[in-house]
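Below you'll find the structure, written out as structure tokens, and then a few comments.
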Amino acid sequence: MPETEPRFHVVALLCSSDFKRRSDTNTWSYLDGRPFTKEEQAIVDTATHADLQETRAQIARYQEYLRTMSEARDTLHRYLAPFMDRLMRKTLSGAVKIMTKDDRAELDRLLADVADPIRPFTPYAF
């Protein structure tokens with residue numbers, strides 16, 4: 001019976017790979033350049049369609065996270081602009097005073113995106 005569920009250990013290895021076979025070890029390498037062991041290579045060689053689909057989905061989620069984080073400052077400025085337009089004295093504290101509870105929650109989320117360092121890719125974290 002074909003395997004329909006992705007296997008965590010296989011997806012984790014695939015997500016850590018650069019997908020380039022090294023001529024010196026005949027294995028793939030980790031993203032940091034370390035070669036896979038023969039055992040690790042044997043595991044990724046058994047990857048199923050479900051494993052590959054889950055790997056693609058995880059990498060896509062991480063790429064979306066990176067895009068969001070790289071655009072965080074611009075997104076924050078665009079979000080604040082309508083509030084600032086309504087103020088004579090344009091300060092963040094002034095903008096916060098005219099925000100609703102939901103507006104402040106969104107502002108907090110955007111500020112966290114701006115302040116948080118970008119996290120490295122880790123399988124099953126995104």
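Simple scheme: letters A, B, ... for chains in structure tokens order, numbers from 1 for residues in each chain, numbers from 1 for ligands in the order shown.
DSSP annotation of chain A from backbone atoms: strand (DSSP E or B) residues are A:Ser17, A:Ser29, A:Tyr30, A:Pro35.
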Let's see if you can do this: from backbone DSSP, list all alpha helix (DSSP H) residues in chain A, as an NGL selection string. :A and (8-15 or 38-44 or 49-70 or 72-85 or 92-97 or 101-115)
Go ahead and write the residues just picked, C-alpha atoms, as a PDB file, in the first residue's frame.
```
ATOM      1  CA  PHE A   8       8.594  13.762   9.549  1.00  0.00           C
ATOM      2  CA  HIS A   9      12.195  12.533   9.455  1.00  0.00           C
ATOM      3  CA  VAL A  10      12.295  12.487   5.645  1.00  0.00           C
ATOM      4  CA  VAL A  11      10.737  15.949   5.313  1.00  0.00           C
ATOM      5  CA  ALA A  12      13.174  17.322   7.910  1.00  0.00           C
ATOM      6  CA  LEU A  13      16.132  16.030   5.889  1.00  0.00           C
ATOM      7  CA  LEU A  14      14.689  17.294   2.610  1.00  0.00           C
ATOM      8  CA  CYS A  15      14.094  20.737   4.116  1.00  0.00           C
ATOM      9  CA  LYS A  38      25.299   7.607   3.515  1.00  0.00           C
ATOM     10  CA  GLU A  39      22.425   6.705   5.875  1.00  0.00           C
ATOM     11  CA  GLU A  40      20.818  10.155   5.486  1.00  0.00           C
ATOM     12  CA  GLN A  41      21.166   9.944   1.712  1.00  0.00           C
ATOM     13  CA  ALA A  42      19.509   6.529   1.741  1.00  0.00           C
ATOM     14  CA  ILE A  43      16.595   8.033   3.681  1.00  0.00           C
ATOM     15  CA  VAL A  44      16.027  10.927   1.237  1.00  0.00           C
ATOM     16  CA  HIS A  49       5.309  12.099  -3.333  1.00  0.00           C
ATOM     17  CA  ALA A  50       3.722  13.041   0.020  1.00  0.00           C
ATOM     18  CA  ASP A  51       7.168  13.778   1.507  1.00  0.00           C
ATOM     19  CA  LEU A  52       8.078  16.005  -1.443  1.00  0.00           C
ATOM     20  CA  GLN A  53       4.732  17.835  -1.378  1.00  0.00           C
ATOM     21  CA  GLU A  54       5.094  18.558   2.347  1.00  0.00           C
ATOM     22  CA  THR A  55       8.667  19.758   1.807  1.00  0.00           C
ATOM     23  CA  ARG A  56       7.500  22.146  -0.938  1.00  0.00           C
ATOM     24  CA  ALA A  57       4.673  23.410   1.285  1.00  0.00           C
ATOM     25  CA  GLN A  58       7.012  24.068   4.202  1.00  0.00           C
ATOM     26  CA  ILE A  59       9.542  25.881   2.035  1.00  0.00           C
ATOM     27  CA  ALA A  60       6.721  27.962   0.493  1.00  0.00           C
ATOM     28  CA  ARG A  61       5.477  28.941   3.980  1.00  0.00           C
ATOM     29  CA  TYR A  62       8.991  29.990   4.957  1.00  0.00           C
ATOM     30  CA  GLN A  63       9.384  32.039   1.784  1.00  0.00           C
ATOM     31  CA  GLU A  64       6.085  33.780   2.578  1.00  0.00           C
ATOM     32  CA  TYR A  65       7.362  34.451   6.105  1.00  0.00           C
ATOM     33  CA  LEU A  66      10.565  35.981   4.675  1.00  0.00           C
ATOM     34  CA  ARG A  67       8.539  38.167   2.293  1.00  0.00           C
ATOM     35  CA  THR A  68       6.316  39.345   5.145  1.00  0.00           C
ATOM     36  CA  MET A  69       9.298  40.149   7.338  1.00  0.00           C
ATOM     37  CA  SER A  70      11.170  41.961   4.572  1.00  0.00           C
ATOM     38  CA  ALA A  72       7.285  44.734   7.567  1.00  0.00           C
ATOM     39  CA  ARG A  73       8.561  48.330   7.751  1.00  0.00           C
ATOM     40  CA  ASP A  74       6.740  49.393   4.591  1.00  0.00           C
ATOM     41  CA  THR A  75       3.575  47.645   5.760  1.00  0.00           C
ATOM     42  CA  LEU A  76       3.786  49.446   9.109  1.00  0.00           C
ATOM     43  CA  HIS A  77       4.194  52.833   7.397  1.00  0.00           C
ATOM     44  CA  ARG A  78       1.249  52.171   5.074  1.00  0.00           C
ATOM     45  CA  TYR A  79      -0.864  51.084   8.047  1.00  0.00           C
ATOM     46  CA  LEU A  80      -0.033  54.199  10.071  1.00  0.00           C
ATOM     47  CA  ALA A  81      -0.455  56.688   7.203  1.00  0.00           C
ATOM     48  CA  PRO A  82      -4.253  57.127   7.463  1.00  0.00           C
ATOM     49  CA  PHE A  83      -3.997  57.711  11.218  1.00  0.00           C
ATOM     50  CA  MET A  84      -1.178  60.212  10.811  1.00  0.00           C
ATOM     51  CA  ASP A  85      -3.173  62.063   8.147  1.00  0.00           C
ATOM     52  CA  LEU A  92       2.892  57.464  17.182  1.00  0.00           C
ATOM     53  CA  SER A  93       1.315  58.173  20.559  1.00  0.00           C
ATOM     54  CA  GLY A  94      -1.176  60.489  18.882  1.00  0.00           C
ATOM     55  CA  ALA A  95      -2.050  57.836  16.322  1.00  0.00           C
ATOM     56  CA  VAL A  96      -2.533  55.248  19.060  1.00  0.00           C
ATOM     57  CA  LYS A  97      -4.981  57.549  20.852  1.00  0.00           C
ATOM     58  CA  LYS A 101      -8.857  48.219  20.113  1.00  0.00           C
ATOM     59  CA  ASP A 102      -8.607  46.208  16.878  1.00  0.00           C
ATOM     60  CA  ASP A 103      -6.425  48.902  15.290  1.00  0.00           C
ATOM     61  CA  ARG A 104      -4.030  48.736  18.249  1.00  0.00           C
ATOM     62  CA  ALA A 105      -3.902  44.946  18.062  1.00  0.00           C
ATOM     63  CA  GLU A 106      -2.922  45.171  14.395  1.00  0.00           C
ATOM     64  CA  LEU A 107      -0.344  47.837  15.220  1.00  0.00           C
ATOM     65  CA  ASP A 108       1.148  45.576  17.903  1.00  0.00           C
ATOM     66  CA  ARG A 109       1.379  42.717  15.398  1.00  0.00           C
ATOM     67  CA  LEU A 110       3.095  44.935  12.826  1.00  0.00           C
ATOM     68  CA  LEU A 111       5.510  46.342  15.404  1.00  0.00           C
ATOM     69  CA  ALA A 112       6.426  42.797  16.452  1.00  0.00           C
ATOM     70  CA  ASP A 113       7.189  41.925  12.812  1.00  0.00           C
ATOM     71  CA  VAL A 114       9.472  44.959  12.548  1.00  0.00           C
ATOM     72  CA  ALA A 115      11.229  44.254  15.851  1.00  0.00           C
TER      73      ALA A 115
END
```
Please indicate the distance in Å from CA of Ser17 in chain A to CA of Thr48 in chain A, rounded to one decimal place.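 So the answer is 15.8 Å.
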What is the distance between CA of Phe36 in chain A and CA of Pro117 in chain A, in Å to one decimal?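 Atom-to-atom, CA of Phe36 in chain A and CA of Pro117 in chain A are spaced 28.8 Å apart.
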Just the residues within 12 Å of Asp32 in chain A, please, counting only C-alpha atoms, with nothing from its chain fewer than 4 positions along; format it as JSON, numbers by chain. {"A": [16, 17, 18, 28, 36, 120, 121]}
Between CA of Arg21 in chain A and CA of Arg34 in chain A, what is the distance, to one decimal in Å?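 Between these atoms lies a distance of 11.7 Å.
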